[in-house]
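Below is data12.cif, holding mmCIF, C-alpha atoms.
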```
data_data
#
loop_
_atom_site.group_PDB
_atom_site.id
_atom_site.type_symbol
_atom_site.label_atom_id
_atom_site.label_comp_id
_atom_site.auth_asym_id
_atom_site.auth_seq_id
_atom_site.Cartn_x
_atom_site.Cartn_y
_atom_site.Cartn_z
ATOM 1 C CA GLU A 1 11.475 14.428 -23.210
ATOM 2 C CA VAL A 2 9.266 16.354 -20.801
ATOM 3 C CA HIS A 3 7.952 14.190 -17.990
ATOM 4 C CA LEU A 4 5.714 15.076 -15.049
ATOM 5 C CA VAL A 5 4.951 12.443 -12.419
ATOM 6 C CA ASP A 6 2.196 13.161 -9.904
ATOM 7 C CA SER A 7 2.082 11.346 -6.568
ATOM 8 C CA GLY A 8 0.709 11.579 -3.048
ATOM 9 C CA GLY A 9 -2.975 10.993 -3.600
ATOM 10 C CA GLY A 10 -5.068 8.622 -1.553
ATOM 11 C CA LEU A 11 -8.060 8.237 0.716
ATOM 12 C CA VAL A 12 -8.400 10.823 3.483
ATOM 13 C CA GLN A 13 -11.164 11.662 5.925
ATOM 14 C CA PRO A 14 -12.996 14.990 5.777
ATOM 15 C CA GLY A 15 -10.950 17.613 7.592
ATOM 16 C CA GLY A 16 -7.735 15.751 6.912
ATOM 17 C CA SER A 17 -4.594 16.747 5.031
ATOM 18 C CA LEU A 18 -2.604 15.467 2.103
ATOM 19 C CA ARG A 19 0.506 16.638 0.265
ATOM 20 C CA LEU A 20 0.758 16.080 -3.456
ATOM 21 C CA SER A 21 4.047 16.067 -5.321
ATOM 22 C CA CYS A 22 4.976 16.451 -8.965
ATOM 23 C CA ALA A 23 8.425 15.372 -10.123
ATOM 24 C CA ALA A 24 9.555 17.120 -13.290
ATOM 25 C CA SER A 25 12.222 16.077 -15.770
ATOM 26 C CA GLY A 26 13.274 16.730 -19.347
ATOM 27 C CA PHE A 27 13.189 20.522 -19.149
ATOM 28 C CA THR A 28 14.627 23.384 -17.094
ATOM 29 C CA PHE A 29 12.031 23.297 -14.323
ATOM 30 C CA SER A 30 13.265 26.476 -12.641
ATOM 31 C CA THR A 31 12.321 28.606 -15.655
ATOM 32 C CA TYR A 32 8.709 27.465 -15.986
ATOM 33 C CA GLU A 33 5.507 28.531 -14.280
ATOM 34 C CA MET A 34 3.489 25.590 -12.989
ATOM 35 C CA THR A 35 -0.151 24.885 -12.233
ATOM 36 C CA TRP A 36 -2.398 22.352 -10.530
ATOM 37 C CA VAL A 37 -5.652 21.408 -12.237
ATOM 38 C CA ARG A 38 -8.208 18.945 -10.875
ATOM 39 C CA GLN A 39 -10.996 16.868 -12.334
ATOM 40 C CA ALA A 40 -13.765 15.415 -10.190
ATOM 41 C CA PRO A 41 -14.973 11.954 -11.255
ATOM 42 C CA GLY A 42 -16.910 12.241 -14.494
ATOM 43 C CA LYS A 43 -16.658 16.040 -14.462
ATOM 44 C CA GLY A 44 -14.762 18.764 -16.259
ATOM 45 C CA LEU A 45 -11.471 20.497 -15.558
ATOM 46 C CA GLU A 46 -11.015 22.984 -12.717
ATOM 47 C CA TRP A 47 -7.967 25.206 -12.287
ATOM 48 C CA VAL A 48 -6.690 25.004 -8.687
ATOM 49 C CA ALA A 49 -3.449 26.930 -8.196
ATOM 50 C CA TYR A 50 -0.578 28.650 -10.001
ATOM 51 C CA ILE A 51 3.017 29.451 -9.083
ATOM 52 C CA ASP A 52 5.534 31.381 -11.126
ATOM 53 C CA SER A 53 9.103 30.217 -11.691
ATOM 54 C CA GLY A 54 10.518 31.988 -8.645
ATOM 55 C CA ALA A 55 7.526 31.368 -6.377
ATOM 56 C CA THR A 56 6.962 35.114 -6.105
ATOM 57 C CA THR A 57 3.482 35.102 -7.644
ATOM 58 C CA ILE A 58 0.965 32.550 -6.406
ATOM 59 C CA LYS A 59 -2.743 32.351 -7.207
ATOM 60 C CA TYR A 60 -5.551 30.101 -5.987
ATOM 61 C CA ALA A 61 -9.081 29.277 -6.990
ATOM 62 C CA ASP A 62 -11.614 30.651 -4.507
ATOM 63 C CA SER A 63 -12.705 27.084 -3.733
ATOM 64 C CA VAL A 64 -9.296 26.226 -2.224
ATOM 65 C CA GLN A 65 -8.039 29.627 -1.029
ATOM 66 C CA GLY A 66 -6.921 29.406 2.603
ATOM 67 C CA ARG A 67 -6.878 25.591 2.620
ATOM 68 C CA PHE A 68 -4.362 24.668 -0.107
ATOM 69 C CA THR A 69 -0.762 25.835 -0.516
ATOM 70 C CA ILE A 70 1.228 25.502 -3.716
ATOM 71 C CA SER A 71 5.024 25.479 -3.509
ATOM 72 C CA ARG A 72 8.052 24.356 -5.456
ATOM 73 C CA ASP A 73 11.647 23.265 -4.950
ATOM 74 C CA ASN A 74 13.596 24.266 -8.038
ATOM 75 C CA ALA A 75 16.726 22.495 -6.790
ATOM 76 C CA LYS A 76 14.769 19.227 -6.735
ATOM 77 C CA ASN A 77 12.644 19.884 -9.832
ATOM 78 C CA SER A 78 9.510 19.391 -7.776
ATOM 79 C CA LEU A 79 6.102 20.990 -7.387
ATOM 80 C CA PHE A 80 3.883 20.491 -4.357
ATOM 81 C CA LEU A 81 0.303 21.023 -3.249
ATOM 82 C CA GLN A 82 -0.381 20.959 0.476
ATOM 83 C CA MET A 83 -4.079 20.338 1.014
ATOM 84 C CA ASN A 84 -5.617 20.952 4.428
ATOM 85 C CA SER A 85 -9.188 20.896 5.754
ATOM 86 C CA LEU A 86 -10.177 18.588 2.948
ATOM 87 C CA ARG A 87 -13.848 18.287 2.008
ATOM 88 C CA ALA A 88 -15.819 15.744 0.038
ATOM 89 C CA ASP A 89 -15.999 18.119 -2.931
ATOM 90 C CA ASP A 90 -12.182 18.119 -3.146
ATOM 91 C CA THR A 91 -12.402 14.524 -4.398
ATOM 92 C CA ALA A 92 -10.761 14.554 -7.824
ATOM 93 C CA VAL A 93 -7.812 13.560 -9.927
ATOM 94 C CA TYR A 94 -5.168 16.228 -9.442
ATOM 95 C CA TYR A 95 -2.849 17.031 -12.339
ATOM 96 C CA CYS A 96 0.274 19.132 -12.281
ATOM 97 C CA ALA A 97 0.780 20.963 -15.535
ATOM 98 C CA ARG A 98 3.582 22.962 -17.079
ATOM 99 C CA ASP A 99 2.716 26.413 -18.316
ATOM 100 C CA HIS A 100 3.400 27.081 -21.962
ATOM 101 C CA ILE A 101 6.098 29.707 -22.402
ATOM 102 C CA ALA A 102 5.216 32.947 -24.204
ATOM 103 C CA PRO A 103 2.373 33.141 -23.719
ATOM 104 C CA GLY A 104 1.977 31.445 -20.381
ATOM 105 C CA LEU A 105 -1.094 30.285 -18.483
ATOM 106 C CA TYR A 106 -1.803 27.596 -21.031
ATOM 107 C CA PHE A 107 -0.800 24.055 -20.118
ATOM 108 C CA ASP A 108 1.335 22.178 -22.606
ATOM 109 C CA TYR A 109 2.420 19.167 -20.542
ATOM 110 C CA TRP A 110 0.435 17.337 -17.878
ATOM 111 C CA GLY A 111 1.245 14.735 -15.270
ATOM 112 C CA GLN A 112 -0.668 11.479 -15.267
ATOM 113 C CA GLY A 113 -2.716 12.642 -12.299
ATOM 114 C CA THR A 114 -3.112 11.417 -8.735
ATOM 115 C CA LEU A 115 -6.508 10.563 -7.247
ATOM 116 C CA VAL A 116 -7.574 12.202 -4.009
ATOM 117 C CA THR A 117 -10.648 10.732 -2.346
ATOM 118 C CA VAL A 118 -12.141 12.526 0.651
ATOM 119 C CA SER A 119 -14.549 10.262 2.460
ATOM 120 C CA ALA A 120 -15.363 9.014 5.928
ATOM 121 C CA GLU B 121 -15.040 35.285 -12.760
ATOM 122 C CA ILE B 122 -15.300 34.744 -16.505
ATOM 123 C CA VAL B 123 -17.691 31.930 -17.380
ATOM 124 C CA LEU B 124 -17.033 29.923 -20.528
ATOM 125 C CA THR B 125 -20.050 28.205 -22.054
ATOM 126 C CA GLN B 126 -19.458 25.491 -24.624
ATOM 127 C CA SER B 127 -21.930 24.190 -27.173
ATOM 128 C CA PRO B 128 -23.170 21.773 -28.117
ATOM 129 C CA ALA B 129 -22.805 19.461 -25.127
ATOM 130 C CA THR B 130 -22.492 16.459 -27.429
ATOM 131 C CA LEU B 131 -21.753 16.219 -31.128
ATOM 132 C CA SER B 132 -22.061 13.007 -33.088
ATOM 133 C CA LEU B 133 -20.585 12.954 -36.583
ATOM 134 C CA SER B 134 -19.308 10.545 -39.184
ATOM 135 C CA PRO B 135 -15.681 9.993 -40.222
ATOM 136 C CA GLY B 136 -14.611 12.512 -42.821
ATOM 137 C CA ALA B 137 -17.111 15.151 -41.678
ATOM 138 C CA ARG B 138 -16.364 18.577 -40.213
ATOM 139 C CA ALA B 139 -16.949 19.422 -36.545
ATOM 140 C CA THR B 140 -17.674 22.924 -35.293
ATOM 141 C CA LEU B 141 -17.384 23.482 -31.537
ATOM 142 C CA SER B 142 -18.299 26.751 -29.870
ATOM 143 C CA CYS B 143 -17.031 28.491 -26.730
ATOM 144 C CA ARG B 144 -18.636 31.708 -25.529
ATOM 145 C CA ALA B 145 -17.148 33.883 -22.771
ATOM 146 C CA SER B 146 -19.249 35.924 -20.346
ATOM 147 C CA GLN B 147 -16.971 38.906 -21.031
ATOM 148 C CA SER B 148 -14.200 39.632 -23.480
ATOM 149 C CA VAL B 149 -11.059 37.539 -23.180
ATOM 150 C CA SER B 150 -9.457 39.134 -26.249
ATOM 151 C CA SER B 151 -7.586 36.247 -27.900
ATOM 152 C CA ARG B 152 -6.537 34.666 -24.618
ATOM 153 C CA LEU B 153 -8.207 31.336 -25.129
ATOM 154 C CA ALA B 154 -7.027 27.770 -25.550
ATOM 155 C CA TRP B 155 -8.563 24.461 -26.578
ATOM 156 C CA TYR B 156 -7.717 21.065 -25.118
ATOM 157 C CA GLN B 157 -8.560 17.528 -26.137
ATOM 158 C CA GLN B 158 -9.115 14.803 -23.564
ATOM 159 C CA LYS B 159 -9.509 11.283 -24.906
ATOM 160 C CA PRO B 160 -11.123 8.628 -22.687
ATOM 161 C CA GLY B 161 -8.808 7.626 -19.859
ATOM 162 C CA GLN B 162 -6.125 10.099 -20.896
ATOM 163 C CA VAL B 163 -4.855 13.436 -19.644
ATOM 164 C CA PRO B 164 -5.816 16.624 -21.471
ATOM 165 C CA SER B 165 -3.589 17.806 -24.290
ATOM 166 C CA LEU B 166 -3.181 21.339 -25.597
ATOM 167 C CA LEU B 167 -4.481 21.820 -29.153
ATOM 168 C CA ILE B 168 -4.792 25.562 -29.710
ATOM 169 C CA TYR B 169 -3.553 28.601 -27.775
ATOM 170 C CA GLU B 170 -4.171 32.302 -28.147
ATOM 171 C CA ALA B 171 -7.369 31.426 -30.022
ATOM 172 C CA SER B 172 -5.759 30.342 -33.284
ATOM 173 C CA ASN B 173 -2.232 29.025 -32.753
ATOM 174 C CA ARG B 174 -1.757 25.280 -33.052
ATOM 175 C CA ALA B 175 0.345 23.692 -30.346
ATOM 176 C CA THR B 176 3.409 21.676 -31.273
ATOM 177 C CA GLY B 177 2.585 18.582 -33.296
ATOM 178 C CA ILE B 178 -1.095 19.388 -33.818
ATOM 179 C CA PRO B 179 -2.222 18.715 -37.405
ATOM 180 C CA ASP B 180 -3.774 21.470 -39.476
ATOM 181 C CA ARG B 181 -7.112 19.642 -39.392
ATOM 182 C CA PHE B 182 -7.564 21.486 -36.097
ATOM 183 C CA ARG B 183 -8.281 25.186 -36.497
ATOM 184 C CA GLY B 184 -9.161 27.761 -33.856
ATOM 185 C CA SER B 185 -10.778 31.096 -34.541
ATOM 186 C CA GLY B 186 -12.525 33.976 -32.805
ATOM 187 C CA SER B 187 -11.810 36.809 -30.427
ATOM 188 C CA GLY B 188 -13.584 38.757 -27.732
ATOM 189 C CA THR B 189 -16.402 36.525 -26.507
ATOM 190 C CA ASP B 190 -17.017 34.037 -29.334
ATOM 191 C CA PHE B 191 -14.623 31.278 -30.308
ATOM 192 C CA THR B 192 -14.759 28.242 -32.554
ATOM 193 C CA LEU B 193 -12.745 25.054 -32.835
ATOM 194 C CA THR B 194 -13.131 23.482 -36.258
ATOM 195 C CA ILE B 195 -11.943 19.948 -36.927
ATOM 196 C CA THR B 196 -11.984 18.828 -40.548
ATOM 197 C CA SER B 197 -11.741 15.349 -42.046
ATOM 198 C CA LEU B 198 -12.793 13.715 -38.793
ATOM 199 C CA GLU B 199 -11.069 10.504 -37.782
ATOM 200 C CA PRO B 200 -12.249 7.936 -35.208
ATOM 201 C CA GLU B 201 -9.378 8.939 -32.902
ATOM 202 C CA ASP B 202 -10.815 12.464 -32.684
ATOM 203 C CA SER B 203 -13.466 11.069 -30.339
ATOM 204 C CA ALA B 204 -12.852 13.004 -27.127
ATOM 205 C CA ILE B 205 -14.067 15.771 -24.869
ATOM 206 C CA TYR B 206 -12.899 19.203 -25.920
ATOM 207 C CA TYR B 207 -12.461 22.009 -23.394
ATOM 208 C CA CYS B 208 -11.833 25.700 -23.850
ATOM 209 C CA GLN B 209 -9.866 27.693 -21.244
ATOM 210 C CA HIS B 210 -9.144 31.402 -20.872
ATOM 211 C CA ARG B 211 -6.164 33.192 -19.346
ATOM 212 C CA ALA B 212 -7.552 36.729 -19.522
ATOM 213 C CA SER B 213 -7.868 37.262 -15.763
ATOM 214 C CA TRP B 214 -7.836 35.412 -12.451
ATOM 215 C CA PRO B 215 -9.276 32.932 -11.883
ATOM 216 C CA ILE B 216 -8.454 30.905 -14.943
ATOM 217 C CA THR B 217 -11.547 28.942 -15.930
ATOM 218 C CA PHE B 218 -12.453 26.120 -18.275
ATOM 219 C CA GLY B 219 -15.638 25.516 -20.194
ATOM 220 C CA GLN B 220 -17.731 22.508 -19.270
ATOM 221 C CA GLY B 221 -16.655 20.593 -22.358
ATOM 222 C CA THR B 222 -18.108 19.290 -25.613
ATOM 223 C CA ARG B 223 -18.152 15.546 -26.167
ATOM 224 C CA LEU B 224 -17.381 14.647 -29.784
ATOM 225 C CA GLU B 225 -18.384 11.189 -30.937
ATOM 226 C CA ILE B 226 -17.250 9.817 -34.269
ATOM 227 C CA LYS B 227 -19.448 7.008 -35.497
#
```
What do you get writing this file as structure tokens?
Amino acid sequence: EVHLVDSGGGLVQPGGSLRLSCAASGFTFSTYEMTWVRQAPGKGLEWVAYIDSGATTIKYADSVQGRFTISRDNAKNSLFLQMNSLRADDTAVYYCARDHIAPGLYFDYWGQGTLVTVSA
Amino acid sequence: EIVLTQSPATLSLSPGARATLSCRASQSVSSRLAWYQQKPGQVPSLLIYEASNRATGIPDRFRGSGSGTDFTLTITSLEPEDSAIYYCQHRASWPITFGQGTRLEIK
């Protein structure tokens, strides 16, 4: 069974940093593209970042470009999101999601989400 | 950036009725569009991909149609558990974007 477990969220001050993790199991992680999606409290879904299976193609939303870094460790079946220079509008639940295979860039499994709160 | 506009914002229907949800793209996305369902307190789940293909385990009460800029999610024989927010999402170009959602209430 596919399982994604998000962790690393918490309360951080504006300008601070946080590293989110996503532990994957139940599928061959190294062959799947992965994505982070966030959802601000009471709001809709916002795509954040994408990484292909070999970490050769990486994309970011303009709102996080230059501040966030997506990465993965295929040996440890893990996905990461390093978030720097955090702002109040980064407050959201962050979900890791597995990309559907053929075609990709749709999200067929999601983690439970981890809440990031940016506040003084 | 491709903007996806969903309508209506809220839809209130009775059990057994048919729901028609719309998603309009600001430019053509061909058939590169998906629909997700998010029930209260739950994570989103993939319903439809490539405009009309049901994801694994999705009943045939859920039907996606459209191409280009206009897309529709039709849900027939509504059940109380269909109460959720429904989002469309395109993959036609970067950045990927989602619509703002349609809230479906079954009363």
**OP:** Find the spatial neighbours of B:Arg181, counting all atoms listed in the file, within a cut-off of 8 Å - ignore same-chain residues fewer than 6 positions away - and output them as a ChimeraX atom specification.
**Re:** /B:194-197
Original post:
What lies within 10 Å of stretch 75-87 of chain A using all atoms listed in the file, ignoring chain neighbours under 5 positions off, as a PyMOL selection string?
Top reply: chain A and resi 4-8+12-25+27-30+34-36+48-49+51+64+66-70+94+96-97+116-119
Preceding selection exported with C-alpha atoms as a JSON list (two decimals), keeping the file's coordinate frame:
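As written to disk, selection.json reads:
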```
[["chain", "number", "residue", "atom", "x", "y", "z"],
["A", 4, "LEU", "CA", 5.71, 15.08, -15.05],
["A", 5, "VAL", "CA", 4.95, 12.44, -12.42],
["A", 6, "ASP", "CA", 2.20, 13.16, -9.90],
["A", 7, "SER", "CA", 2.08, 11.35, -6.57],
["A", 8, "GLY", "CA", 0.71, 11.58, -3.05],
["A", 12, "VAL", "CA", -8.40, 10.82, 3.48],
["A", 13, "GLN", "CA", -11.16, 11.66, 5.92],
["A", 14, "PRO", "CA", -13.00, 14.99, 5.78],
["A", 15, "GLY", "CA", -10.95, 17.61, 7.59],
["A", 16, "GLY", "CA", -7.74, 15.75, 6.91],
["A", 17, "SER", "CA", -4.59, 16.75, 5.03],
["A", 18, "LEU", "CA", -2.60, 15.47, 2.10],
["A", 19, "ARG", "CA", 0.51, 16.64, 0.26],
["A", 20, "LEU", "CA", 0.76, 16.08, -3.46],
["A", 21, "SER", "CA", 4.05, 16.07, -5.32],
["A", 22, "CYS", "CA", 4.98, 16.45, -8.96],
["A", 23, "ALA", "CA", 8.43, 15.37, -10.12],
["A", 24, "ALA", "CA", 9.56, 17.12, -13.29],
["A", 25, "SER", "CA", 12.22, 16.08, -15.77],
["A", 27, "PHE", "CA", 13.19, 20.52, -19.15],
["A", 28, "THR", "CA", 14.63, 23.38, -17.09],
["A", 29, "PHE", "CA", 12.03, 23.30, -14.32],
["A", 30, "SER", "CA", 13.26, 26.48, -12.64],
["A", 34, "MET", "CA", 3.49, 25.59, -12.99],
["A", 35, "THR", "CA", -0.15, 24.88, -12.23],
["A", 36, "TRP", "CA", -2.40, 22.35, -10.53],
["A", 48, "VAL", "CA", -6.69, 25.00, -8.69],
["A", 49, "ALA", "CA", -3.45, 26.93, -8.20],
["A", 51, "ILE", "CA", 3.02, 29.45, -9.08],
["A", 64, "VAL", "CA", -9.30, 26.23, -2.22],
["A", 66, "GLY", "CA", -6.92, 29.41, 2.60],
["A", 67, "ARG", "CA", -6.88, 25.59, 2.62],
["A", 68, "PHE", "CA", -4.36, 24.67, -0.11],
["A", 69, "THR", "CA", -0.76, 25.84, -0.52],
["A", 70, "ILE", "CA", 1.23, 25.50, -3.72],
["A", 94, "TYR", "CA", -5.17, 16.23, -9.44],
["A", 96, "CYS", "CA", 0.27, 19.13, -12.28],
["A", 97, "ALA", "CA", 0.78, 20.96, -15.54],
["A", 116, "VAL", "CA", -7.57, 12.20, -4.01],
["A", 117, "THR", "CA", -10.65, 10.73, -2.35],
["A", 118, "VAL", "CA", -12.14, 12.53, 0.65],
["A", 119, "SER", "CA", -14.55, 10.26, 2.46]]
```
Residues of chain B within 10 Å of chain A, counting only C-alpha atoms, as a PDB file with C-alpha atoms, keeping the file's coordinate frame:
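Result went into part.pdb, see below:
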```pdb
ATOM      1  CA  ARG B 152      -6.537  34.666 -24.618  1.00  0.00           C
ATOM      2  CA  LEU B 153      -8.207  31.336 -25.129  1.00  0.00           C
ATOM      3  CA  ALA B 154      -7.027  27.770 -25.550  1.00  0.00           C
ATOM      4  CA  TRP B 155      -8.563  24.461 -26.578  1.00  0.00           C
ATOM      5  CA  TYR B 156      -7.717  21.065 -25.118  1.00  0.00           C
ATOM      6  CA  GLN B 162      -6.125  10.099 -20.896  1.00  0.00           C
ATOM      7  CA  VAL B 163      -4.855  13.436 -19.644  1.00  0.00           C
ATOM      8  CA  PRO B 164      -5.816  16.624 -21.471  1.00  0.00           C
ATOM      9  CA  SER B 165      -3.589  17.806 -24.290  1.00  0.00           C
ATOM     10  CA  LEU B 166      -3.181  21.339 -25.597  1.00  0.00           C
ATOM     11  CA  LEU B 167      -4.481  21.820 -29.153  1.00  0.00           C
ATOM     12  CA  ILE B 168      -4.792  25.562 -29.710  1.00  0.00           C
ATOM     13  CA  TYR B 169      -3.553  28.601 -27.775  1.00  0.00           C
ATOM     14  CA  GLU B 170      -4.171  32.302 -28.147  1.00  0.00           C
ATOM     15  CA  ALA B 175       0.345  23.692 -30.346  1.00  0.00           C
ATOM     16  CA  THR B 176       3.409  21.676 -31.273  1.00  0.00           C
ATOM     17  CA  ILE B 205     -14.067  15.771 -24.869  1.00  0.00           C
ATOM     18  CA  TYR B 206     -12.899  19.203 -25.920  1.00  0.00           C
ATOM     19  CA  TYR B 207     -12.461  22.009 -23.394  1.00  0.00           C
ATOM     20  CA  CYS B 208     -11.833  25.700 -23.850  1.00  0.00           C
ATOM     21  CA  GLN B 209      -9.866  27.693 -21.244  1.00  0.00           C
ATOM     22  CA  HIS B 210      -9.144  31.402 -20.872  1.00  0.00           C
ATOM     23  CA  ARG B 211      -6.164  33.192 -19.346  1.00  0.00           C
ATOM     24  CA  ALA B 212      -7.552  36.729 -19.522  1.00  0.00           C
ATOM     25  CA  TRP B 214      -7.836  35.412 -12.451  1.00  0.00           C
ATOM     26  CA  PRO B 215      -9.276  32.932 -11.883  1.00  0.00           C
ATOM     27  CA  ILE B 216      -8.454  30.905 -14.943  1.00  0.00           C
ATOM     28  CA  THR B 217     -11.547  28.942 -15.930  1.00  0.00           C
ATOM     29  CA  PHE B 218     -12.453  26.120 -18.275  1.00  0.00           C
ATOM     30  CA  GLY B 219     -15.638  25.516 -20.194  1.00  0.00           C
ATOM     31  CA  GLN B 220     -17.731  22.508 -19.270  1.00  0.00           C
ATOM     32  CA  GLY B 221     -16.655  20.593 -22.358  1.00  0.00           C
ATOM     33  CA  THR B 222     -18.108  19.290 -25.613  1.00  0.00           C
TER      34      THR B 222
END
```
Original post:
Could you work out how far atom CA of B:Lys159 lies from atom CA of B:Asp180, giving the answer in Å with one decimal?
Top reply: 18.7 Å
**OP:** Give as a PyMOL selection string the residues that the PyMOL selection byres ((chain B and resi 130-133) around 8) matches when applied to the coordinates above.
**Re:** chain B and resi 127-129+134-135+137-139+222-227
